[in-house]
Each structure stands twice: as C-alpha cells, then as structure tokens.
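**Q** Got a file for you: input22.json, JSON, C-alpha atoms (C1' of nucleotides).
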[["chain", "number", "residue", "atom", "x", "y", "z"],
["M", 1, "MET", "CA", 120.27, 118.46, 105.65],
["M", 2, "ALA", "CA", 123.46, 116.66, 104.69],
["M", 3, "PHE", "CA", 123.47, 113.06, 103.56],
["M", 4, "GLU", "CA", 126.10, 110.96, 105.19],
["M", 5, "THR", "CA", 125.57, 107.84, 103.14],
["M", 6, "ARG", "CA", 124.77, 107.09, 99.51],
["M", 7, "LEU", "CA", 121.80, 104.80, 99.43],
["M", 8, "PRO", "CA", 119.26, 103.95, 96.74],
["M", 9, "GLU", "CA", 116.91, 106.89, 96.66],
["M", 10, "THR", "CA", 113.21, 106.86, 97.40],
["M", 11, "GLY", "CA", 112.12, 109.94, 95.49],
["M", 12, "PHE", "CA", 111.45, 111.86, 98.70],
["M", 13, "GLU", "CA", 114.98, 113.13, 99.25],
["M", 14, "HIS", "CA", 114.65, 116.41, 97.44],
["M", 15, "ILE", "CA", 110.99, 117.32, 97.47],
["M", 16, "ASP", "CA", 109.81, 120.49, 99.20],
["M", 17, "ASP", "CA", 108.09, 120.82, 102.56],
["M", 18, "GLU", "CA", 104.74, 121.69, 100.99],
["M", 19, "LYS", "CA", 104.69, 118.35, 99.17],
["M", 20, "CYS", "CA", 105.66, 116.57, 102.36],
["M", 21, "ARG", "CA", 102.77, 118.13, 104.22],
["M", 22, "LEU", "CA", 100.35, 117.17, 101.46],
["M", 23, "PHE", "CA", 101.67, 113.61, 101.50],
["M", 24, "THR", "CA", 101.41, 113.12, 105.27],
["M", 25, "GLY", "CA", 97.96, 114.71, 105.27],
["M", 26, "TYR", "CA", 96.59, 112.32, 102.66],
["M", 27, "ILE", "CA", 98.20, 109.26, 104.16],
["M", 28, "GLU", "CA", 96.79, 110.07, 107.57],
["M", 29, "ILE", "CA", 93.28, 110.28, 106.15],
["M", 30, "ILE", "CA", 93.40, 106.93, 104.42],
["M", 31, "GLY", "CA", 95.60, 105.41, 107.12],
["M", 32, "LYS", "CA", 93.12, 106.11, 109.90],
["M", 33, "LYS", "CA", 91.85, 102.87, 111.40],
["M", 34, "TRP", "CA", 89.27, 101.16, 109.12],
["M", 35, "SER", "CA", 89.41, 103.84, 106.39],
["M", 36, "ALA", "CA", 91.47, 101.78, 103.97],
["M", 37, "GLY", "CA", 89.26, 98.75, 104.52],
["M", 38, "ILE", "CA", 86.17, 100.83, 103.80],
["M", 39, "MET", "CA", 87.62, 102.32, 100.62],
["M", 40, "LEU", "CA", 88.63, 98.84, 99.58],
["M", 41, "ALA", "CA", 85.08, 97.59, 100.12],
["M", 42, "ALA", "CA", 83.84, 100.59, 98.13],
["M", 43, "VAL", "CA", 85.96, 99.94, 95.05],
["M", 44, "ARG", "CA", 85.21, 96.24, 95.30],
["M", 45, "GLY", "CA", 81.52, 96.95, 94.87],
["M", 46, "ALA", "CA", 79.90, 97.50, 98.27],
["M", 47, "THR", "CA", 77.12, 100.07, 98.23],
["M", 48, "ARG", "CA", 74.86, 99.52, 101.23],
["M", 49, "PHE", "CA", 75.69, 99.94, 104.90],
["M", 50, "VAL", "CA", 75.29, 96.23, 105.62],
["M", 51, "GLU", "CA", 77.52, 95.31, 102.69],
["M", 52, "TYR", "CA", 80.34, 97.44, 104.09],
["M", 53, "ARG", "CA", 79.81, 95.94, 107.52],
["M", 54, "ALA", "CA", 80.15, 92.45, 106.05],
["M", 55, "LEU", "CA", 83.22, 93.28, 103.96],
["M", 56, "VAL", "CA", 85.13, 95.29, 106.56],
["M", 57, "HIS", "CA", 85.77, 92.51, 109.00],
["M", 58, "GLY", "CA", 85.43, 93.47, 112.67],
["M", 59, "ILE", "CA", 84.15, 97.04, 112.30],
["M", 60, "SER", "CA", 81.26, 98.20, 114.48],
["M", 61, "ASP", "CA", 78.18, 100.07, 113.29],
["M", 62, "ARG", "CA", 79.28, 103.17, 115.14],
["M", 63, "LEU", "CA", 82.75, 103.37, 113.61],
["M", 64, "LEU", "CA", 81.48, 102.43, 110.14],
["M", 65, "ASN", "CA", 78.96, 105.24, 110.30],
["M", 66, "GLN", "CA", 81.61, 107.68, 111.55],
["M", 67, "ARG", "CA", 84.17, 106.73, 108.88],
["M", 68, "LEU", "CA", 81.61, 106.87, 106.08],
["M", 69, "LYS", "CA", 80.79, 110.43, 107.17],
["M", 70, "GLU", "CA", 84.48, 111.35, 107.29],
["M", 71, "LEU", "CA", 85.20, 109.83, 103.89],
["M", 72, "GLU", "CA", 82.16, 111.62, 102.49],
["M", 73, "ALA", "CA", 83.45, 114.90, 103.94],
["M", 74, "GLU", "CA", 86.80, 114.21, 102.24],
["M", 75, "GLY", "CA", 85.02, 113.68, 98.93],
["M", 76, "LEU", "CA", 86.19, 110.09, 98.65],
["M", 77, "ILE", "CA", 82.76, 108.50, 99.04],
["M", 78, "GLU", "CA", 79.36, 109.84, 98.10],
["M", 79, "ARG", "CA", 76.11, 109.09, 99.88],
["M", 80, "THR", "CA", 72.94, 108.82, 97.86],
["M", 81, "VAL", "CA", 69.42, 108.29, 99.14],
["M", 82, "VAL", "CA", 67.29, 106.37, 96.63],
["M", 83, "PRO", "CA", 63.66, 107.31, 97.41],
["M", 84, "SER", "CA", 62.21, 103.83, 97.06],
["M", 85, "THR", "CA", 60.17, 102.11, 99.79],
["M", 86, "PRO", "CA", 61.98, 101.39, 101.95],
["M", 87, "VAL", "CA", 64.59, 104.04, 101.18],
["M", 88, "LEU", "CA", 67.85, 102.66, 99.86],
["M", 89, "ILE", "CA", 71.05, 104.37, 100.94],
["M", 90, "GLN", "CA", 74.07, 103.96, 98.74],
["M", 91, "TYR", "CA", 77.69, 104.74, 99.52],
["M", 92, "ARG", "CA", 79.90, 104.72, 96.45],
["M", 93, "PRO", "CA", 83.46, 105.83, 95.77],
["M", 94, "THR", "CA", 83.79, 109.15, 93.97],
["M", 95, "GLU", "CA", 86.23, 109.53, 91.09],
["M", 96, "ARG", "CA", 88.57, 111.16, 93.60],
["M", 97, "GLY", "CA", 88.27, 108.09, 95.82],
["M", 98, "ARG", "CA", 88.94, 105.70, 92.95],
["M", 99, "SER", "CA", 91.96, 107.66, 91.76],
["M", 100, "LEU", "CA", 93.36, 107.63, 95.30],
["M", 101, "MET", "CA", 93.01, 103.85, 95.40],
["M", 102, "ARG", "CA", 94.76, 103.59, 92.02],
["M", 103, "ALA", "CA", 97.63, 105.63, 93.47],
["M", 104, "LEU", "CA", 97.88, 103.10, 96.30],
["M", 105, "GLN", "CA", 98.21, 100.08, 93.99],
["M", 106, "PRO", "CA", 102.03, 99.98, 94.20],
["M", 107, "LEU", "CA", 101.65, 99.41, 97.93],
["M", 108, "VAL", "CA", 99.86, 96.13, 97.21],
["M", 109, "ALA", "CA", 102.73, 94.97, 95.03],
["M", 110, "TRP", "CA", 105.22, 96.05, 97.69],
["M", 111, "GLY", "CA", 103.23, 94.24, 100.38],
["M", 112, "LEU", "CA", 103.24, 90.97, 98.44],
["M", 113, "ASP", "CA", 106.93, 91.26, 97.76],
["M", 114, "ASP", "CA", 107.74, 92.07, 101.35],
["M", 115, "HIS", "CA", 105.51, 89.32, 102.66],
["M", 116, "GLU", "CA", 107.11, 86.77, 100.39],
["M", 117, "ARG", "CA", 110.62, 87.92, 101.27],
["M", 118, "ALA", "CA", 109.89, 87.69, 104.98],
["M", 119, "HIS", "CA", 108.59, 84.14, 104.62],
["M", 120, "ARG", "CA", 111.34, 82.86, 102.36],
["M", 121, "ARG", "CA", 114.17, 84.02, 104.62],
["M", 122, "PRO", "CA", 112.56, 84.49, 108.01],
["M", 123, "ASP", "CA", 115.57, 86.06, 109.73],
["M", 124, "GLN", "CA", 116.88, 88.14, 106.87],
["M", 125, "GLY", "CA", 113.75, 89.22, 105.06],
["M", 126, "ARG", "CA", 113.61, 92.47, 106.93],
["M", 127, "GLU", "CA", 117.20, 93.67, 106.42],
["D", 128, "MET", "CA", 79.59, 90.95, 94.73],
["D", 129, "ALA", "CA", 77.94, 92.24, 91.57],
["D", 130, "PHE", "CA", 78.96, 95.48, 89.93],
["D", 131, "GLU", "CA", 76.08, 97.70, 89.07],
["D", 132, "THR", "CA", 78.04, 100.28, 87.15],
["D", 133, "ARG", "CA", 80.99, 100.22, 84.77],
["D", 134, "LEU", "CA", 83.54, 102.64, 86.09],
["D", 135, "PRO", "CA", 87.26, 103.04, 85.53],
["D", 136, "GLU", "CA", 88.88, 100.34, 87.60],
["D", 137, "THR", "CA", 91.30, 100.81, 90.44],
["D", 138, "GLY", "CA", 93.07, 97.47, 90.38],
["D", 139, "PHE", "CA", 91.44, 96.39, 93.63],
["D", 140, "GLU", "CA", 88.23, 95.01, 92.15],
["D", 141, "HIS", "CA", 89.36, 91.45, 91.71],
["D", 142, "ILE", "CA", 92.13, 90.85, 94.20],
["D", 143, "ASP", "CA", 91.71, 88.26, 96.93],
["D", 144, "ASP", "CA", 90.94, 88.83, 100.59],
["D", 145, "GLU", "CA", 94.45, 87.87, 101.69],
["D", 146, "LYS", "CA", 95.90, 90.71, 99.61],
["D", 147, "CYS", "CA", 93.31, 93.08, 101.00],
["D", 148, "ARG", "CA", 94.27, 92.21, 104.54],
["D", 149, "LEU", "CA", 97.95, 92.72, 103.77],
["D", 150, "PHE", "CA", 97.18, 96.07, 102.17],
["D", 151, "THR", "CA", 95.10, 97.41, 105.07],
["D", 152, "GLY", "CA", 97.68, 96.13, 107.55],
["D", 153, "TYR", "CA", 100.54, 97.98, 105.90],
["D", 154, "ILE", "CA", 98.61, 101.16, 105.36],
["D", 155, "GLU", "CA", 97.54, 101.25, 108.99],
["D", 156, "ILE", "CA", 101.17, 101.02, 110.11],
["D", 157, "ILE", "CA", 102.43, 103.85, 107.94],
["D", 158, "GLY", "CA", 99.15, 105.76, 108.22],
["D", 159, "LYS", "CA", 99.26, 105.93, 112.01],
["D", 160, "LYS", "CA", 99.55, 109.50, 113.17],
["D", 161, "TRP", "CA", 103.13, 110.87, 112.75],
["D", 162, "SER", "CA", 104.52, 107.66, 111.22],
["D", 163, "ALA", "CA", 104.57, 108.93, 107.66],
["D", 164, "GLY", "CA", 106.16, 112.19, 108.76],
["D", 165, "ILE", "CA", 108.87, 110.29, 110.62],
["D", 166, "MET", "CA", 109.63, 107.99, 107.67],
["D", 167, "LEU", "CA", 109.74, 111.07, 105.47],
["D", 168, "ALA", "CA", 112.25, 112.70, 107.80],
["D", 169, "ALA", "CA", 114.24, 109.45, 107.76],
["D", 170, "VAL", "CA", 114.56, 109.21, 103.98],
["D", 171, "ARG", "CA", 115.27, 112.93, 103.79],
["D", 172, "GLY", "CA", 118.34, 112.45, 105.92],
["D", 173, "ALA", "CA", 117.45, 112.85, 109.59],
["D", 174, "THR", "CA", 119.43, 110.58, 111.88],
["D", 175, "ARG", "CA", 119.35, 111.97, 115.40],
["D", 176, "PHE", "CA", 116.39, 112.33, 117.75],
["D", 177, "VAL", "CA", 116.53, 116.14, 117.67],
["D", 178, "GLU", "CA", 116.68, 116.16, 113.88],
["D", 179, "TYR", "CA", 113.46, 114.17, 113.68],
["D", 180, "ARG", "CA", 111.85, 116.45, 116.22],
["D", 181, "ALA", "CA", 112.78, 119.46, 114.12],
["D", 182, "LEU", "CA", 111.61, 117.90, 110.83],
["D", 183, "VAL", "CA", 108.37, 116.39, 112.04],
["D", 184, "HIS", "CA", 106.53, 119.58, 112.85],
["D", 185, "GLY", "CA", 104.45, 119.48, 116.03],
["D", 186, "ILE", "CA", 105.41, 116.06, 117.36],
["D", 187, "SER", "CA", 106.22, 115.69, 121.06],
["D", 188, "ASP", "CA", 109.23, 113.89, 122.52],
["D", 189, "ARG", "CA", 107.02, 111.17, 123.92],
["D", 190, "LEU", "CA", 105.26, 110.35, 120.67],
["D", 191, "LEU", "CA", 108.46, 110.59, 118.65],
["D", 192, "ASN", "CA", 110.12, 108.13, 120.97],
["D", 193, "GLN", "CA", 107.11, 105.80, 120.82],
["D", 194, "ARG", "CA", 106.83, 105.90, 117.04],
["D", 195, "LEU", "CA", 110.56, 105.35, 116.56],
["D", 196, "LYS", "CA", 110.27, 102.23, 118.70],
["D", 197, "GLU", "CA", 107.26, 101.02, 116.72],
["D", 198, "LEU", "CA", 108.91, 101.67, 113.38],
["D", 199, "GLU", "CA", 112.02, 99.89, 114.62],
["D", 200, "ALA", "CA", 109.88, 96.91, 115.67],
["D", 201, "GLU", "CA", 108.39, 96.91, 112.15],
["D", 202, "GLY", "CA", 111.86, 96.82, 110.63],
["D", 203, "LEU", "CA", 111.38, 100.15, 108.88],
["D", 204, "ILE", "CA", 113.94, 102.08, 110.93],
["D", 205, "GLU", "CA", 117.06, 100.88, 112.65],
["D", 206, "ARG", "CA", 118.53, 102.32, 115.82],
["D", 207, "THR", "CA", 122.29, 102.39, 116.20],
["D", 208, "VAL", "CA", 124.27, 103.51, 119.23],
["D", 209, "VAL", "CA", 127.61, 104.99, 118.24],
["D", 210, "PRO", "CA", 129.88, 104.59, 121.30],
["D", 211, "SER", "CA", 131.50, 108.01, 121.18],
["D", 212, "THR", "CA", 131.51, 110.45, 124.10],
["D", 213, "PRO", "CA", 128.81, 111.47, 124.42],
["D", 214, "VAL", "CA", 127.06, 108.52, 122.80],
["D", 215, "LEU", "CA", 125.45, 109.28, 119.47],
["D", 216, "ILE", "CA", 122.17, 107.57, 118.68],
["D", 217, "GLN", "CA", 121.22, 107.19, 115.04],
["D", 218, "TYR", "CA", 117.87, 106.29, 113.57],
["D", 219, "ARG", "CA", 118.04, 105.42, 109.89],
["D", 220, "PRO", "CA", 115.61, 103.89, 107.43],
["D", 221, "THR", "CA", 116.23, 100.23, 106.62],
["D", 222, "GLU", "CA", 116.08, 98.98, 103.05],
["D", 223, "ARG", "CA", 112.58, 97.76, 103.86],
["D", 224, "GLY", "CA", 111.67, 101.26, 105.00],
["D", 225, "ARG", "CA", 113.10, 102.87, 101.89],
["D", 226, "SER", "CA", 111.35, 100.45, 99.56],
["D", 227, "LEU", "CA", 108.06, 101.16, 101.34],
["D", 228, "MET", "CA", 108.57, 104.86, 100.77],
["D", 229, "ARG", "CA", 109.33, 104.22, 97.10],
["D", 230, "ALA", "CA", 106.03, 102.33, 96.86],
["D", 231, "LEU", "CA", 104.28, 105.41, 98.25],
["D", 232, "GLN", "CA", 105.70, 107.78, 95.63],
["D", 233, "PRO", "CA", 102.59, 107.63, 93.40],
["D", 234, "LEU", "CA", 100.61, 109.04, 96.30],
["D", 235, "VAL", "CA", 102.71, 112.20, 96.14],
["D", 236, "ALA", "CA", 101.93, 112.60, 92.46],
["D", 237, "TRP", "CA", 98.25, 111.96, 93.16],
["D", 238, "GLY", "CA", 98.28, 114.50, 95.99],
["D", 239, "LEU", "CA", 99.74, 117.23, 93.79],
["D", 240, "ASP", "CA", 97.26, 116.51, 91.04],
["D", 241, "ASP", "CA", 94.35, 116.46, 93.42],
["D", 242, "HIS", "CA", 95.50, 119.61, 95.16],
["D", 243, "GLU", "CA", 95.87, 121.45, 91.90],
["D", 244, "ARG", "CA", 92.49, 120.26, 90.62],
["D", 245, "ALA", "CA", 90.79, 121.40, 93.82],
["D", 246, "HIS", "CA", 92.32, 124.86, 93.54],
["D", 247, "ARG", "CA", 91.70, 125.36, 89.85],
["D", 248, "ARG", "CA", 87.99, 124.57, 90.03],
["D", 249, "PRO", "CA", 87.13, 125.03, 93.72],
["D", 250, "ASP", "CA", 83.59, 123.67, 93.49],
["D", 251, "GLN", "CA", 84.15, 120.93, 90.96],
["D", 252, "GLY", "CA", 87.62, 119.67, 91.78],
["D", 253, "ARG", "CA", 86.27, 116.96, 94.02],
["D", 254, "GLU", "CA", 83.66, 115.44, 91.70],
["I", 255, "DT", "C1'", 129.68, 125.60, 139.17],
["I", 256, "DT", "C1'", 126.27, 126.36, 136.71],
["I", 257, "DA", "C1'", 123.98, 126.27, 132.52],
["I", 258, "DG", "C1'", 122.70, 123.55, 128.65],
["I", 259, "DC", "C1'", 122.06, 119.64, 125.36],
["I", 260, "DG", "C1'", 120.46, 114.98, 123.84],
["I", 261, "DA", "C1'", 117.61, 111.22, 124.59],
["I", 262, "DC", "C1'", 114.54, 109.78, 126.87],
["I", 263, "DT", "C1'", 110.65, 108.83, 131.06],
["I", 264, "DT", "C1'", 106.76, 109.92, 134.01],
["I", 265, "DA", "C1'", 102.39, 111.87, 135.29],
["I", 266, "DC", "C1'", 98.23, 113.76, 133.99],
["I", 267, "DT", "C1'", 94.43, 115.18, 130.81],
["I", 268, "DA", "C1'", 91.90, 114.86, 126.42],
["I", 269, "DT", "C1'", 90.34, 112.52, 122.48],
["I", 270, "DA", "C1'", 89.52, 108.36, 119.79],
["I", 271, "DG", "C1'", 88.10, 103.63, 119.57],
["I", 272, "DG", "C1'", 85.56, 99.26, 121.30],
["I", 273, "DT", "C1'", 81.22, 97.11, 123.02],
["I", 274, "DG", "C1'", 76.58, 96.48, 123.56],
["I", 275, "DA", "C1'", 72.13, 97.82, 123.59],
["I", 276, "DG", "C1'", 68.30, 100.73, 121.71],
["I", 277, "DT", "C1'", 65.43, 103.28, 118.03],
["I", 278, "DG", "C1'", 62.19, 104.07, 114.14],
["I", 279, "DG", "C1'", 60.51, 103.05, 109.79],
["I", 280, "DC", "C1'", 59.53, 99.62, 106.93],
["I", 281, "DT", "C1'", 58.42, 94.45, 105.32],
["I", 282, "DT", "C1'", 57.65, 89.65, 105.63],
["I", 283, "DT", "C1'", 55.68, 85.61, 108.04],
["I", 284, "DC", "C1'", 52.35, 83.34, 110.90],
["P", 285, "DG", "C1'", 47.00, 91.98, 112.76],
["P", 286, "DA", "C1'", 50.68, 90.63, 115.96],
["P", 287, "DA", "C1'", 55.27, 89.20, 116.11],
["P", 288, "DA", "C1'", 59.64, 89.03, 114.25],
["P", 289, "DG", "C1'", 63.23, 90.93, 111.38],
["P", 290, "DC", "C1'", 66.01, 94.11, 108.50],
["P", 291, "DC", "C1'", 68.35, 98.53, 107.63],
["P", 292, "DA", "C1'", 70.66, 102.50, 109.01],
["P", 293, "DC", "C1'", 71.67, 104.54, 112.40],
["P", 294, "DT", "C1'", 72.33, 106.57, 117.66],
["P", 295, "DC", "C1'", 73.52, 106.47, 122.77],
["P", 296, "DA", "C1'", 75.92, 105.33, 126.86],
["P", 297, "DC", "C1'", 79.75, 103.50, 128.91],
["P", 298, "DC", "C1'", 84.54, 102.03, 129.27],
["P", 299, "DT", "C1'", 89.29, 101.46, 127.71],
["P", 300, "DA", "C1'", 93.22, 102.75, 124.91],
["P", 301, "DT", "C1'", 95.83, 105.99, 122.55],
["P", 302, "DA", "C1'", 97.32, 110.85, 121.92],
["P", 303, "DG", "C1'", 98.56, 115.49, 123.69],
["P", 304, "DT", "C1'", 100.94, 118.46, 127.17],
["P", 305, "DA", "C1'", 104.20, 119.49, 130.55],
["P", 306, "DA", "C1'", 107.60, 118.58, 133.50],
["P", 307, "DG", "C1'", 111.52, 115.75, 135.18],
["P", 308, "DT", "C1'", 115.80, 112.75, 134.76],
["P", 309, "DC", "C1'", 120.54, 111.28, 133.72],
["P", 310, "DG", "C1'", 124.92, 111.52, 131.60],
["P", 311, "DC", "C1'", 127.55, 114.41, 129.55],
["P", 312, "DT", "C1'", 129.99, 119.08, 127.91],
["P", 313, "DA", "C1'", 131.11, 123.95, 127.29],
["P", 314, "DA", "C1'", 131.42, 128.58, 129.63]]
For the structure just supplied, provide its representation as structure tokens.
**A**
Amino acid sequence: MAFETRLPETGFEHIDDEKCRLFTGYIEIIGKKWSAGIMLAAVRGATRFVEYRALVHGISDRLLNQRLKELEAEGLIERTVVPSTPVLIQYRPTERGRSLMRALQPLVAWGLDDHERAHRRPDQGRE
Amino acid sequence: MAFETRLPETGFEHIDDEKCRLFTGYIEIIGKKWSAGIMLAAVRGATRFVEYRALVHGISDRLLNQRLKELEAEGLIERTVVPSTPVLIQYRPTERGRSLMRALQPLVAWGLDDHERAHRRPDQGRE
DNA sequence: TTAGCGACTTACTATAGGTGAGTGGCTTTC
DNA sequence: GAAAGCCACTCACCTATAGTAAGTCGCTAA
C-alpha cells in the first residue's frame, strides 16, 4: 500500500501480516471488558476471589469468575487450591502474565501524557 | 495490600488508582473487537473504506462503519470528505492515534517473544 | 441502459454482558 | 446448637453488542 503523506512513523508501517495478527490477537484478549482491570489487580497483589472483586470496581461475581477462567486458559493467571480448612483459592499472575503487563507499561505513560495534554488545552489536546 | 512473594515487578505494583483507571479505560477502547486491527490498517496506510475492509480481515461493513465512528469520536482517526466527483472519503490516523500505536509497540515485541517461546518448548513456554 | 463501485443503512439473529438471587461448605457468635 | 456470615461460585433472566445478509443512493464506465 502506497503512503501518500510523510508522517512520524509508529513502527507498524512495515511489519508483516503475521505480526499484525499476533498483535491484534493479544490486544483483544487483554482488551476484553474487565480483563485489564483483573490483571492489574493481580500484579498489584490480589490473590483471593474477594480481593479481586474489591479491586476491580463494578465487576460482578459471574463475570469475574468467567474472566479468571479465561485468563487462566490463556496462561496469564494461575489458580491454586491451598488445602487448608476452609480451602483457600489463590489466583496469581504467571510470569507470562507479568511480562505482558510490563509490555503494557508504555501505555500508562502515554495515557498520562494524553490526559494532561487534553486538560491543558481542552480544544486542541486531541489534534 | 501486602505482597506475599517477591517477584520481578511489572511497574504496576505501586501506581495510584487514578492511573489504573486511565490505563483500563484506554486499553478497553483499543482492545474492543476490531479496533486494534483498524488502527493498524490506518497506520499502515489505509485511507478509504474499502481499503480498511480489505486490510481488516473478516470485518463487516456495519462494524467497520461503527468502529470508524467510535475511533473518530475518540480522536484517534479523522474523517475527511474530499469534494471531488465522486466524493472521496478518507479516514486517517490523527497524531493522537499514531502516538497511541507507538505506545503499543512493546506489545508486538512481547508477542513475538511469547509466540517463539511457546513454539520452542510447547509444554513449558507458558510457565 | 445496465452493470458496478463506494460508502453506508436497515433488519434480523446470535452471542456477550449486566443484575440479582441461590448454593454448599465451612466458621464464628450468641 | 441454632443463627448468621463468609467464600467461591452457579443459575436464570434480560439487555446490549456483534454477526450476517440484504438494500440504498449517488455516481461512473461499458
């Protein structure tokens, strides 16, 4: 595809389709409603079901349970049953999950920047 | 919240709730189904409706139209009507859109790494 | 004049998410 | 030892969003 303008590049201009598919796949996993909030709770120290429910503001039991299963299936969170009485169930981020969150750090910096820009010049902050 | 284990950090452990909310907000915009694919098409040079439809594999006209409107409302894409005959409608990434994509670059690197790890050691690649 | 393209819009069905209540095993309090 | 409560779910119901297919309108090229 031809470029009609010369703009600052984003790094995505010349990557192959395979990489694009990988990228959209991963972003749609973590971008699914509540998933990012849950991973955030995970790396911030939540382990038990109730802790996640308290940290992920507004989520219901049903969706929390569903997302935890999905994230476990993706290998981002691991579920451990501690055989105490009563049984203790722990959900913790896997190394894969933590490394994914590290890869998303630049988005936090971007978000702050963008947020600040939008508030400093309300009508121009967004180009 | 207390940390029970000492693991490699992700950068999210000690950030405030405001930043967390910003982060989840942004990731749920770009993580919405098809959005990432559309932004990808945008920074890779698509401008017209049909070009997006060709680049974003599997998307329908209806959803493409809806997402383009949403991304325009978010200030990530801008819609321009070129008054030629027939009229030419262009959708291009804004500077805000391009900077967001730049912030997502590390996710591509992570994806490649993760993908390779999973394929090299099929049963151990995911912790 | 008819066939086709580009950019949508509409109608209908399927899947995902929101809400609220219920369950079963255990513990703590009266 | 009965009642109340916590934890980790599960079910039923309803709404909202996504998927699929067809239609529209202005234009052009054959």
**Q** Would you list the residues near (123.2, 125.4, 128.0) (no more than 9 Å away, in the coordinates of the file, using only C-alpha atoms (C1' of nucleotides)) as a PDB file with C-alpha atoms (C1' of nucleotides), keeping the file's coordinate frame?
**A**
ATOM      1  C1'  DA I 257     123.980 126.270 132.520  1.00  0.00           C
ATOM      2  C1'  DG I 258     122.700 123.550 128.650  1.00  0.00           C
ATOM      3  C1'  DC I 259     122.060 119.640 125.360  1.00  0.00           C
TER       4       DC I 259
ATOM      5  C1'  DA P 313     131.110 123.950 127.290  1.00  0.00           C
ATOM      6  C1'  DA P 314     131.420 128.580 129.630  1.00  0.00           C
TER       7       DA P 314
END
**Q** Find the axis-aligned box for region 294-301 of chain P, covering all its listed atoms and adding 6 Å on each side, and write its centre and edge lengths in Å to one decimal as JSON.
**A**
{"center_x": 84.1, "center_y": 104.0, "center_z": 123.5, "size_x": 35.5, "size_y": 17.1, "size_z": 23.6}
**Q** Using all atoms listed in the file, find the one residue out of D:Leu231, D:Ile142, D:Met166, D:Ile216 that sits nearest to chain I.
**A**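 Looking only at the distances to chain I, the closest residue turns out to be D:Ile216.
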**Q** Between CA of Asp114 (chain M) and CA of His141 (chain D), what is the distance in Å, rounded to a tenth?
**A**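 Here the two named atoms are 20.8 Å from each other.
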**Q** Would you mind listing what lies within 7 Å of Gly97 (chain M) as a VMD selection string, with all atoms listed in the file counted and same-chain residues fewer than 3 positions away left out?
**A** chain M and resid 76 to 77 93 to 94 100 to 101
